[in-house]
Amino acid sequence: MANKPLTRSGIDASICSLLANIGISTVRDLLNTSPLLIMLHADVSLEEVNQMMKCVSEKIVPQPSTALSYLQERSTMEKYISTGIQSLDEGLKGGLLLGTITDICGAAGLGKTQFCISCLVQALTPNTTIDMSQSNLPSVVYIDAELKFDPTRIIEIATNLYPQFYSSRYRADAPHLLDHMLSRIKVRHVTTCSLNCHYCMKIDQTTEKHRGINYRNQPIRIHHHLRSCQFSDY
Amino acid sequence: MIIDSIATLIRKEQLVEKEKETFFLQQATALKHLAELCNCAILATNQVMPVIHTSNPYTDQHPEWLGDSIYDVITGMEYLPALGPTWHHCVTTRLIMSSGTNSVGGAGVGGDQRFLRTLTIGKSPIAPKRSYGYQITAQGITVLE
């Protein structure tokens with residue numbers, strides 16, 4: 001945000017062009033330059049320099065949030081993804097918290113991967129009807145380090161948990177819905193943590209992120225967030 | 001995003017003790033940054049490591065950072081979540097799966113000792129610690145009421 005150009009930070013255009021001659025074009029440059037230099041090159045008084053500094057600082061300072069705004073946001077936005085297990089969702093006050101890491105640990109064979117698949121099916125299945133023409137249906141990225149990813153178990157759980165969508169006995173287009181669900185799971189086999197980190201940073205940096213990971217009903221939110229980061233420097 | 005399992009990935013790095021803390025923090029930072037950027041939930045599976053009790057209290061491994069260790073009835077051993085205290089602080093929510101016993105049918109009827117699997121909320125910013133008995137069924141994980 002400190003890279004915001006001076007021309008969009010409330011400084012007079014003539015002064016901006018004078019300062020640009022000595023290499024001051026962003027808010028950061030201005031705040032890092034001594035007032036004396038600015039007075040000399042922009043031909044302004046010390047008071048005017050201080051006024052300029054105050055003005056640009058106010059433009060870029062991040063706005064604090066209050067606890068009340070958080071509470072109001074929470075009631076309007078979904079902050080959780082359901083795990084598919086109702087009593088666990090109640091215990092967790094909603095489910096898996098968005099924007100955080102949830103860790104599930106246990107000895108071998110107790111069902112950690114089954115839990116993952118349960119969450120996966122839940123995340124990919126909307127509450128009401130599925131409209132496959134929508135481009136903003138949620139997706140899941142599955143990073144498989146143990147090389148044991150098996151789509152047949154996903155199909156079994158999906159068919160038994162949501163027969164109204166995925167069972168041929170209830171719907172003629174159930175196979176299509178199953179295929180569509182499976183197509184929204186991006187599977188990645190990685191062998192080391194460094195590679196995984198690299199993949200995550202790649203998701204971060206490329207446009208794959210708003211194609212690959214869409215949050216249910218709010219895909220535009222990702223796009224907006226990125227654009228707003230760009231725009232705050234614009 | 002589901003990572004199965006983060007413990008396997010980190011262990012494959014073969015780090016020495018000194019490097020581990022920095023490495024965990026770097027991984028956690030990258031994942032959290034991604035989670036916040038994309039507003040997605042990240043679910044990572046972890047493993048367990050055995051607790052070795054010795055008679056010497058100075059080398060006894062039971063740390064205070066976790067509280068209760070996980071007692072596994074099937075093997076009779078105590079376990080702690082893998083990757084240690086640094087990873088415990090990196091994650092926001094921790095769910096622990098363990099196995100205990102539940103006598104089905106009662107002792108008088110020659111009841112069948114079943115191993116009941118338990119899912120516990122070990123760490124959460126807002127949820128109190130609770131346990132749920134569950135089974136693995138065709139529908140995935142089914143919590144027993």
# chains A, B, ... in the order shown; residues from 1 in each chain; ligands from 1
>>> interface_residues(of="chain B", to="chain A", cutoff="7 Å", atoms="only C-alpha atoms", output="count of residues only")
42
>>> select_by_dssp(residues="region 91-159 of chain A", states="strand (DSSP E or B)", output="ChimeraX atom specification")
/A:96-97,101-106,140-144
>>> closest_residue(among="B:Arg130, B:His88, B:Lys123, B:Arg117", to="Thr142 (chain B)", atoms="only C-alpha atoms")
B:Arg117
>>> closest_residue(among="B:Ser124, B:Tyr132, B:Thr86, B:Leu80", to="Ala28 (chain B)", atoms="only C-alpha atoms")
B:Thr86
